[in-house]
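One structure below.
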Amino acid sequence: MQRDYHDILWGGFLSLLGLAVAVYSATHYDIGNLRRMGPGFFPVSLGAVLALLGVVIAIPALWRAGETRSFAGRELLGIIVALLLFALLMNRVGIVVTAAAVSFVASAVAPRPGIVWRLVLAAVIAGLTWAVFIEALEMAIPVWPWSR
């Protein structure tokens, strides 16, 4: 039986990446506690969760038959362009416009056709981004192009 090496390797990669983030953050930043979280609390937590999810992906793949998969170059390019767009737009046009633009670009490589659902997705993600980072967390980041 051929194992699902794709999931084994990527699960292992995610586990190692999460572990590296957690260890680096724990050794370089104050973690604090649940009442007074330090700057390292969030990255340590996310690194640990990522490591755990990598294990959850890799372990079942040891007993599952694998299949040959093609390289998803188009999807990879869409994500890279979306990340670069975020870096270029964030300080220039604010979090709301950036979130909408990045969501729209990242969804452009999805197999589902149509523009309406992409526009709705971009609007919902922009609204949720505003609600979480501006309203709930009260972060001091530009919201709109004119609010810099």
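Chain lettering (A, B, ...) mirrors the order of the structure tokens, residue numbering begins at 1 for each chain separately, and ligand numbering begins at 1 in order of display.
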
Contact residues around segment 73-90 of chain A with only C-alpha atoms at 12 Å, ignoring same-chain residues under 5 positions, as a tab-separated table (two decimals) with all heavy atoms, in the first residue's frame:
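Output saved as around.tsv:
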chain	number	residue	atom	x	y	z
A	95	ILE	N	-7.08	49.10	6.55
A	95	ILE	CA	-7.39	47.68	6.74
A	95	ILE	C	-8.64	47.24	6.00
A	95	ILE	O	-8.71	46.12	5.49
A	95	ILE	CB	-7.47	47.33	8.25
A	95	ILE	CG1	-7.55	45.81	8.46
A	95	ILE	CG2	-8.65	48.00	8.92
A	95	ILE	CD1	-6.27	45.11	8.23
A	96	VAL	N	-9.64	48.08	5.89
A	96	VAL	CA	-10.91	47.67	5.27
A	96	VAL	C	-10.73	47.45	3.77
A	96	VAL	O	-11.10	46.40	3.24
A	96	VAL	CB	-12.02	48.69	5.57
A	96	VAL	CG1	-13.29	48.38	4.80
A	96	VAL	CG2	-12.32	48.75	7.06
A	97	VAL	N	-10.16	48.42	3.08
A	97	VAL	CA	-9.95	48.29	1.63
A	97	VAL	C	-8.95	47.17	1.34
A	97	VAL	O	-9.13	46.38	0.41
A	97	VAL	CB	-9.48	49.63	1.03
A	97	VAL	CG1	-9.13	49.48	-0.43
A	97	VAL	CG2	-10.54	50.70	1.23
A	98	THR	N	-7.90	47.08	2.16
A	98	THR	CA	-6.90	46.03	1.97
A	98	THR	C	-7.51	44.65	2.14
A	98	THR	O	-7.26	43.76	1.32
A	98	THR	CB	-5.73	46.22	2.96
A	98	THR	OG1	-5.13	47.49	2.72
A	98	THR	CG2	-4.70	45.12	2.80
A	99	ALA	N	-8.31	44.45	3.18
A	99	ALA	CA	-8.93	43.14	3.40
A	99	ALA	C	-9.85	42.77	2.24
A	99	ALA	O	-9.85	41.61	1.80
A	99	ALA	CB	-9.70	43.15	4.72
A	100	ALA	N	-10.60	43.73	1.74
A	100	ALA	CA	-11.49	43.45	0.62
A	100	ALA	C	-10.69	43.10	-0.63
A	100	ALA	O	-11.00	42.12	-1.32
A	100	ALA	CB	-12.39	44.66	0.36
A	101	ALA	N	-9.65	43.87	-0.93
A	101	ALA	CA	-8.85	43.63	-2.13
A	101	ALA	C	-8.13	42.29	-2.05
A	101	ALA	O	-8.12	41.52	-3.02
A	101	ALA	CB	-7.84	44.76	-2.32
A	102	VAL	N	-7.54	41.99	-0.91
A	102	VAL	CA	-6.81	40.74	-0.75
A	102	VAL	C	-7.76	39.54	-0.85
A	102	VAL	O	-7.43	38.53	-1.48
A	102	VAL	CB	-6.04	40.75	0.59
A	102	VAL	CG1	-5.54	39.37	0.96
A	102	VAL	CG2	-4.88	41.74	0.51
A	103	SER	N	-8.92	39.64	-0.25
A	103	SER	CA	-9.90	38.55	-0.33
A	103	SER	C	-10.34	38.32	-1.76
A	103	SER	O	-10.48	37.18	-2.21
A	103	SER	CB	-11.13	38.88	0.53
A	103	SER	OG	-10.77	39.11	1.84
A	104	PHE	N	-10.57	39.41	-2.48
A	104	PHE	CA	-11.01	39.29	-3.87
A	104	PHE	C	-9.92	38.65	-4.73
A	104	PHE	O	-10.20	37.74	-5.52
A	104	PHE	CB	-11.39	40.67	-4.42
A	104	PHE	CG	-12.04	40.62	-5.76
A	104	PHE	CD1	-13.37	40.24	-5.88
A	104	PHE	CD2	-11.33	40.92	-6.89
A	104	PHE	CE1	-13.97	40.18	-7.13
A	104	PHE	CE2	-11.92	40.85	-8.15
A	104	PHE	CZ	-13.25	40.48	-8.26
A	105	VAL	N	-8.68	39.08	-4.56
A	105	VAL	CA	-7.58	38.52	-5.35
A	105	VAL	C	-7.35	37.05	-5.00
A	105	VAL	O	-7.16	36.21	-5.88
A	105	VAL	CB	-6.30	39.36	-5.14
A	105	VAL	CG1	-5.08	38.64	-5.69
A	105	VAL	CG2	-6.46	40.72	-5.79
A	106	ALA	N	-7.35	36.72	-3.70
A	106	ALA	CA	-7.11	35.34	-3.29
A	106	ALA	C	-8.21	34.40	-3.79
A	106	ALA	O	-7.95	33.25	-4.12
A	106	ALA	CB	-6.99	35.26	-1.77
A	107	SER	N	-9.44	34.90	-3.87
A	107	SER	CA	-10.54	34.04	-4.33
A	107	SER	C	-10.59	33.94	-5.85
A	107	SER	O	-11.33	33.11	-6.39
A	107	SER	CB	-11.88	34.57	-3.81
A	107	SER	OG	-12.20	35.82	-4.40
A	108	ALA	N	-9.81	34.73	-6.55
A	108	ALA	CA	-9.82	34.70	-8.01
A	108	ALA	C	-9.33	33.37	-8.57
A	108	ALA	O	-9.67	33.01	-9.69
A	108	ALA	CB	-8.98	35.86	-8.56
A	109	VAL	N	-8.53	32.65	-7.80
A	109	VAL	CA	-8.00	31.36	-8.29
A	109	VAL	C	-8.88	30.18	-7.86
A	109	VAL	O	-8.54	29.04	-8.14
A	109	VAL	CB	-6.55	31.15	-7.82
A	109	VAL	CG1	-5.64	32.18	-8.44
A	109	VAL	CG2	-6.45	31.15	-6.32
A	110	ALA	N	-9.98	30.46	-7.19
A	110	ALA	CA	-10.89	29.38	-6.77
A	110	ALA	C	-11.54	28.75	-7.99
A	110	ALA	O	-11.78	29.42	-9.00
A	110	ALA	CB	-11.96	29.95	-5.83
A	111	PRO	N	-11.82	27.46	-7.93
A	111	PRO	CA	-12.41	26.78	-9.09
A	111	PRO	C	-13.86	27.21	-9.38
A	111	PRO	O	-14.33	27.04	-10.49
A	111	PRO	CB	-12.35	25.30	-8.72
A	111	PRO	CG	-12.18	25.26	-7.25
A	111	PRO	CD	-11.52	26.53	-6.85
A	141	ILE	N	-4.53	50.99	13.89
A	141	ILE	CA	-4.07	50.82	12.51
A	141	ILE	C	-4.99	51.63	11.61
A	141	ILE	O	-6.15	51.89	11.97
A	141	ILE	CB	-4.07	49.33	12.08
A	141	ILE	CG1	-5.43	48.68	12.32
A	141	ILE	CG2	-2.99	48.56	12.81
A	141	ILE	CD1	-5.52	47.23	11.87
A	142	PRO	N	-4.50	52.07	10.45
A	142	PRO	CA	-5.36	52.84	9.56
A	142	PRO	C	-6.56	52.02	9.10
A	142	PRO	O	-6.42	50.86	8.72
A	142	PRO	CB	-4.45	53.18	8.37
A	142	PRO	CG	-3.09	52.71	8.71
A	142	PRO	CD	-3.16	51.89	9.93
A	143	VAL	N	-7.73	52.63	9.16
A	143	VAL	CA	-8.96	51.95	8.76
A	143	VAL	C	-9.29	52.23	7.31
A	143	VAL	O	-9.66	51.33	6.55
A	143	VAL	CB	-10.13	52.36	9.67
A	143	VAL	CG1	-11.41	51.65	9.29
A	143	VAL	CG2	-9.80	52.10	11.12
A	144	TRP	N	-9.18	53.49	6.89
A	144	TRP	CA	-9.52	53.93	5.54
A	144	TRP	C	-8.33	54.70	4.97
A	144	TRP	O	-7.45	55.11	5.70
A	144	TRP	CB	-10.74	54.84	5.57
A	144	TRP	CG	-11.96	54.18	6.15
A	144	TRP	CD1	-12.46	54.36	7.40
A	144	TRP	CD2	-12.79	53.24	5.51
A	144	TRP	NE1	-13.56	53.59	7.57
A	144	TRP	CE2	-13.80	52.89	6.43
A	144	TRP	CE3	-12.80	52.65	4.25
A	144	TRP	CZ2	-14.81	51.96	6.13
A	144	TRP	CZ3	-13.81	51.74	3.95
A	144	TRP	CH2	-14.80	51.42	4.88
A	145	PRO	N	-8.32	54.94	3.66
A	145	PRO	CA	-7.21	55.70	3.08
A	145	PRO	C	-7.04	57.09	3.70
A	145	PRO	O	-5.93	57.58	3.83
A	145	PRO	CB	-7.58	55.81	1.59
A	145	PRO	CG	-8.52	54.69	1.33
A	145	PRO	CD	-9.25	54.45	2.63
A	147	SER	N	-7.68	57.92	6.80
A	147	SER	CA	-7.51	57.89	8.25
A	147	SER	C	-6.08	57.59	8.68
A	147	SER	O	-5.84	57.16	9.79
A	147	SER	CB	-8.46	56.86	8.87
A	147	SER	OG	-8.15	55.55	8.42
A	148	ARG	N	-5.10	57.82	7.80
A	148	ARG	CA	-3.71	57.56	8.14
A	148	ARG	C	-3.17	58.61	9.01
A	148	ARG	O	-3.21	59.58	9.33
A	148	ARG	CB	-2.86	57.41	6.91
A	148	ARG	CG	-3.19	56.16	6.16
A	148	ARG	CD	-2.30	55.93	4.97
A	148	ARG	NE	-2.70	56.84	3.88
A	148	ARG	CZ	-1.86	57.55	3.16
A	148	ARG	NH1	-0.59	57.47	3.39
A	148	ARG	NH2	-2.27	58.32	2.20

Give me, as a PDB file with C-alpha atoms, in the first residue's frame, the residues of segment 68-130 of chain A that a backbone DSSP run labels alpha helix (DSSP H).
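Final output, saved to selection04.pdb:
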ATOM      1  CA  GLY A  73       0.932  26.633  -9.252  1.00  0.00           C
ATOM      2  CA  ARG A  74      -2.021  28.888 -10.077  1.00  0.00           C
ATOM      3  CA  GLU A  75      -3.312  28.737  -6.509  1.00  0.00           C
ATOM      4  CA  LEU A  76       0.164  29.326  -5.089  1.00  0.00           C
ATOM      5  CA  LEU A  77       0.591  32.375  -7.315  1.00  0.00           C
ATOM      6  CA  GLY A  78      -2.805  33.726  -6.175  1.00  0.00           C
ATOM      7  CA  ILE A  79      -1.825  33.466  -2.510  1.00  0.00           C
ATOM      8  CA  ILE A  80       1.594  35.045  -3.088  1.00  0.00           C
ATOM      9  CA  VAL A  81       0.029  37.940  -5.006  1.00  0.00           C
ATOM     10  CA  ALA A  82      -2.544  38.402  -2.224  1.00  0.00           C
ATOM     11  CA  LEU A  83       0.199  38.522   0.432  1.00  0.00           C
ATOM     12  CA  LEU A  84       2.222  41.035  -1.583  1.00  0.00           C
ATOM     13  CA  LEU A  85      -0.905  43.106  -2.138  1.00  0.00           C
ATOM     14  CA  PHE A  86      -1.511  43.151   1.612  1.00  0.00           C
ATOM     15  CA  ALA A  87       2.043  44.369   2.226  1.00  0.00           C
ATOM     16  CA  LEU A  88       1.720  47.095  -0.407  1.00  0.00           C
ATOM     17  CA  LEU A  89      -1.759  48.350   0.498  1.00  0.00           C
ATOM     18  CA  MET A  90      -2.065  48.109   4.283  1.00  0.00           C
ATOM     19  CA  ASN A  91      -0.442  51.415   5.227  1.00  0.00           C
ATOM     20  CA  ARG A  92      -1.669  53.205   2.111  1.00  0.00           C
ATOM     21  CA  VAL A  93      -5.400  52.435   1.979  1.00  0.00           C
ATOM     22  CA  GLY A  94      -6.232  51.031   5.423  1.00  0.00           C
ATOM     23  CA  ILE A  95      -7.385  47.683   6.738  1.00  0.00           C
ATOM     24  CA  VAL A  96     -10.908  47.670   5.274  1.00  0.00           C
ATOM     25  CA  VAL A  97      -9.953  48.288   1.631  1.00  0.00           C
ATOM     26  CA  THR A  98      -6.901  46.034   1.969  1.00  0.00           C
ATOM     27  CA  ALA A  99      -8.929  43.139   3.404  1.00  0.00           C
ATOM     28  CA  ALA A 100     -11.494  43.453   0.620  1.00  0.00           C
ATOM     29  CA  ALA A 101      -8.846  43.626  -2.129  1.00  0.00           C
ATOM     30  CA  VAL A 102      -6.809  40.736  -0.745  1.00  0.00           C
ATOM     31  CA  SER A 103      -9.904  38.550  -0.327  1.00  0.00           C
ATOM     32  CA  PHE A 104     -11.007  39.292  -3.870  1.00  0.00           C
ATOM     33  CA  VAL A 105      -7.581  38.524  -5.351  1.00  0.00           C
ATOM     34  CA  ALA A 106      -7.106  35.337  -3.287  1.00  0.00           C
ATOM     35  CA  SER A 107     -10.542  34.044  -4.334  1.00  0.00           C
ATOM     36  CA  VAL A 116     -20.860  38.027  -7.257  1.00  0.00           C
ATOM     37  CA  TRP A 117     -19.822  35.548  -4.573  1.00  0.00           C
ATOM     38  CA  ARG A 118     -16.284  36.968  -4.646  1.00  0.00           C
ATOM     39  CA  LEU A 119     -17.602  40.489  -4.072  1.00  0.00           C
ATOM     40  CA  VAL A 120     -19.815  39.268  -1.232  1.00  0.00           C
ATOM     41  CA  LEU A 121     -16.875  37.361   0.265  1.00  0.00           C
ATOM     42  CA  ALA A 122     -14.640  40.434   0.042  1.00  0.00           C
ATOM     43  CA  ALA A 123     -17.299  42.609   1.724  1.00  0.00           C
ATOM     44  CA  VAL A 124     -17.909  40.089   4.515  1.00  0.00           C
ATOM     45  CA  ILE A 125     -14.203  39.609   5.207  1.00  0.00           C
ATOM     46  CA  ALA A 126     -13.616  43.378   5.193  1.00  0.00           C
ATOM     47  CA  GLY A 127     -16.500  43.816   7.649  1.00  0.00           C
ATOM     48  CA  LEU A 128     -15.277  41.039   9.933  1.00  0.00           C
ATOM     49  CA  THR A 129     -11.736  42.421   9.805  1.00  0.00           C
TER      50      THR A 129
END

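Every protein, DNA or RNA residue with an atom at most 9 Å from Ser15 of chain A, where only C-alpha atoms count and chain neighbours fewer than 4 positions away do not, is listed here: A:Trp10, A:Gly11, A:Leu19, A:Ala20, A:Gly47, A:Ala48, A:Val49, A:Leu50, A:Ala51, A:Leu52, A:Leu53, A:Gly54, A:Val55, A:Ala58.
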
Just to be explicit: take each residue in the selection above, keep N, CA and C atoms, and write the result as a CSV table (one decimal), in the first residue's frame.
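And here's again.csv as it stands now:
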chain,number,residue,atom,x,y,z
A,10,TRP,N,3.5,17.4,4.4
A,10,TRP,CA,2.9,18.7,4.7
A,10,TRP,C,2.5,18.8,6.1
A,11,GLY,N,1.9,17.7,6.7
A,11,GLY,CA,1.6,17.7,8.1
A,11,GLY,C,2.8,17.9,9.0
A,19,LEU,N,6.0,24.4,15.7
A,19,LEU,CA,7.0,24.2,16.9
A,19,LEU,C,8.1,25.2,16.9
A,20,ALA,N,8.6,25.6,15.7
A,20,ALA,CA,9.6,26.6,15.6
A,20,ALA,C,9.1,28.0,16.1
A,47,GLY,N,1.5,28.9,17.4
A,47,GLY,CA,2.5,27.9,17.0
A,47,GLY,C,2.2,26.5,17.5
A,48,ALA,N,1.7,26.5,18.8
A,48,ALA,CA,1.3,25.2,19.4
A,48,ALA,C,0.1,24.6,18.6
A,49,VAL,N,-0.8,25.4,18.3
A,49,VAL,CA,-2.0,24.9,17.6
A,49,VAL,C,-1.6,24.5,16.2
A,50,LEU,N,-0.8,25.2,15.5
A,50,LEU,CA,-0.3,24.8,14.2
A,50,LEU,C,0.4,23.5,14.2
A,51,ALA,N,1.3,23.3,15.3
A,51,ALA,CA,2.0,22.0,15.4
A,51,ALA,C,1.0,20.9,15.6
A,52,LEU,N,0.0,21.1,16.5
A,52,LEU,CA,-1.0,20.1,16.7
A,52,LEU,C,-1.8,19.8,15.5
A,53,LEU,N,-2.2,20.8,14.7
A,53,LEU,CA,-2.9,20.5,13.5
A,53,LEU,C,-2.1,19.8,12.5
A,54,GLY,N,-0.8,20.0,12.4
A,54,GLY,CA,0.1,19.3,11.5
A,54,GLY,C,0.2,17.8,11.9
A,55,VAL,N,0.2,17.5,13.2
A,55,VAL,CA,0.2,16.1,13.6
A,55,VAL,C,-1.2,15.5,13.3
A,58,ALA,N,-0.9,14.6,9.6
A,58,ALA,CA,0.1,13.6,9.3
A,58,ALA,C,-0.2,12.2,9.8

**OP:** Could you give me, as a list in words, the residues within 12 Å of Ala65 of chain A, counting only C-alpha atoms and dropping anything in the same chain fewer than 5 positions from it?
**Re:** Met1, Gln2, Arg3, Asp4, Tyr5, His6, Asp7, Ile8 and Pro60 of chain A

Would you put the residues from that selection into a file with N, CA, C and O atoms, as a JSON list (two decimals), in the first residue's frame?
[["chain", "number", "residue", "atom", "x", "y", "z"],
["A", 1, "MET", "N", 0.84, -1.19, 0.00],
["A", 1, "MET", "CA", 0.00, 0.00, 0.00],
["A", 1, "MET", "C", 0.88, 1.25, 0.00],
["A", 1, "MET", "O", 1.82, 1.37, 0.77],
["A", 2, "GLN", "N", 0.56, 2.16, -0.89],
["A", 2, "GLN", "CA", 1.28, 3.42, -0.95],
["A", 2, "GLN", "C", 0.66, 4.40, 0.05],
["A", 2, "GLN", "O", -0.54, 4.60, 0.07],
["A", 3, "ARG", "N", 1.48, 4.96, 0.89],
["A", 3, "ARG", "CA", 0.98, 5.90, 1.89],
["A", 3, "ARG", "C", 0.70, 7.25, 1.26],
["A", 3, "ARG", "O", 1.18, 7.57, 0.17],
["A", 4, "ASP", "N", -0.03, 8.09, 1.97],
["A", 4, "ASP", "CA", -0.35, 9.44, 1.52],
["A", 4, "ASP", "C", 0.80, 10.36, 1.91],
["A", 4, "ASP", "O", 0.73, 11.11, 2.88],
["A", 5, "TYR", "N", 1.89, 10.28, 1.14],
["A", 5, "TYR", "CA", 3.10, 11.04, 1.47],
["A", 5, "TYR", "C", 2.87, 12.55, 1.39],
["A", 5, "TYR", "O", 3.54, 13.30, 2.09],
["A", 6, "HIS", "N", 1.96, 12.97, 0.57],
["A", 6, "HIS", "CA", 1.65, 14.39, 0.46],
["A", 6, "HIS", "C", 1.21, 14.94, 1.82],
["A", 6, "HIS", "O", 1.75, 15.94, 2.31],
["A", 7, "ASP", "N", 0.24, 14.30, 2.45],
["A", 7, "ASP", "CA", -0.24, 14.76, 3.76],
["A", 7, "ASP", "C", 0.78, 14.49, 4.87],
["A", 7, "ASP", "O", 0.87, 15.27, 5.82],
["A", 8, "ILE", "N", 1.53, 13.42, 4.76],
["A", 8, "ILE", "CA", 2.56, 13.14, 5.77],
["A", 8, "ILE", "C", 3.61, 14.25, 5.76],
["A", 8, "ILE", "O", 3.96, 14.80, 6.81],
["A", 60, "PRO", "N", -3.01, 10.37, 10.52],
["A", 60, "PRO", "CA", -3.93, 9.49, 9.78],
["A", 60, "PRO", "C", -3.41, 9.14, 8.38],
["A", 60, "PRO", "O", -3.76, 8.10, 7.83]]

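Across the model, the gap from atom CA of Met139 of chain A to atom CA of Ala22 of chain A is 23.4 Å.
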
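Across the structure, atom CA of Gly66 of chain A and atom CA of Gly18 of chain A are spaced 24.3 Å apart.
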
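From atom CA of Thr27 of chain A back to atom CA of Gly40 of chain A, the distance works out to 8.8 Å.
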
Members of chain A assigned strand (DSSP E or B) by DSSP, as a PDB file with N, CA and C atoms, in the first residue's frame:
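That gives us selection_17.pdb:
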ATOM      1  N   ARG A   3       1.482   4.956   0.886  1.00  0.00           N
ATOM      2  CA  ARG A   3       0.983   5.902   1.893  1.00  0.00           C
ATOM      3  C   ARG A   3       0.700   7.254   1.258  1.00  0.00           C
ATOM      4  N   GLY A  32       3.645  35.824  29.768  1.00  0.00           N
ATOM      5  CA  GLY A  32       2.634  36.338  30.681  1.00  0.00           C
ATOM      6  C   GLY A  32       1.725  35.210  31.147  1.00  0.00           C
ATOM      7  N   MET A  37      -1.679  38.839  29.418  1.00  0.00           N
ATOM      8  CA  MET A  37      -0.939  38.189  28.335  1.00  0.00           C
ATOM      9  C   MET A  37       0.212  39.074  27.887  1.00  0.00           C
ATOM     10  N   ALA A  65      -4.090   5.396   1.831  1.00  0.00           N
ATOM     11  CA  ALA A  65      -3.467   5.312   0.511  1.00  0.00           C
ATOM     12  C   ALA A  65      -3.399   6.701  -0.105  1.00  0.00           C
TER      13      ALA A  65
END
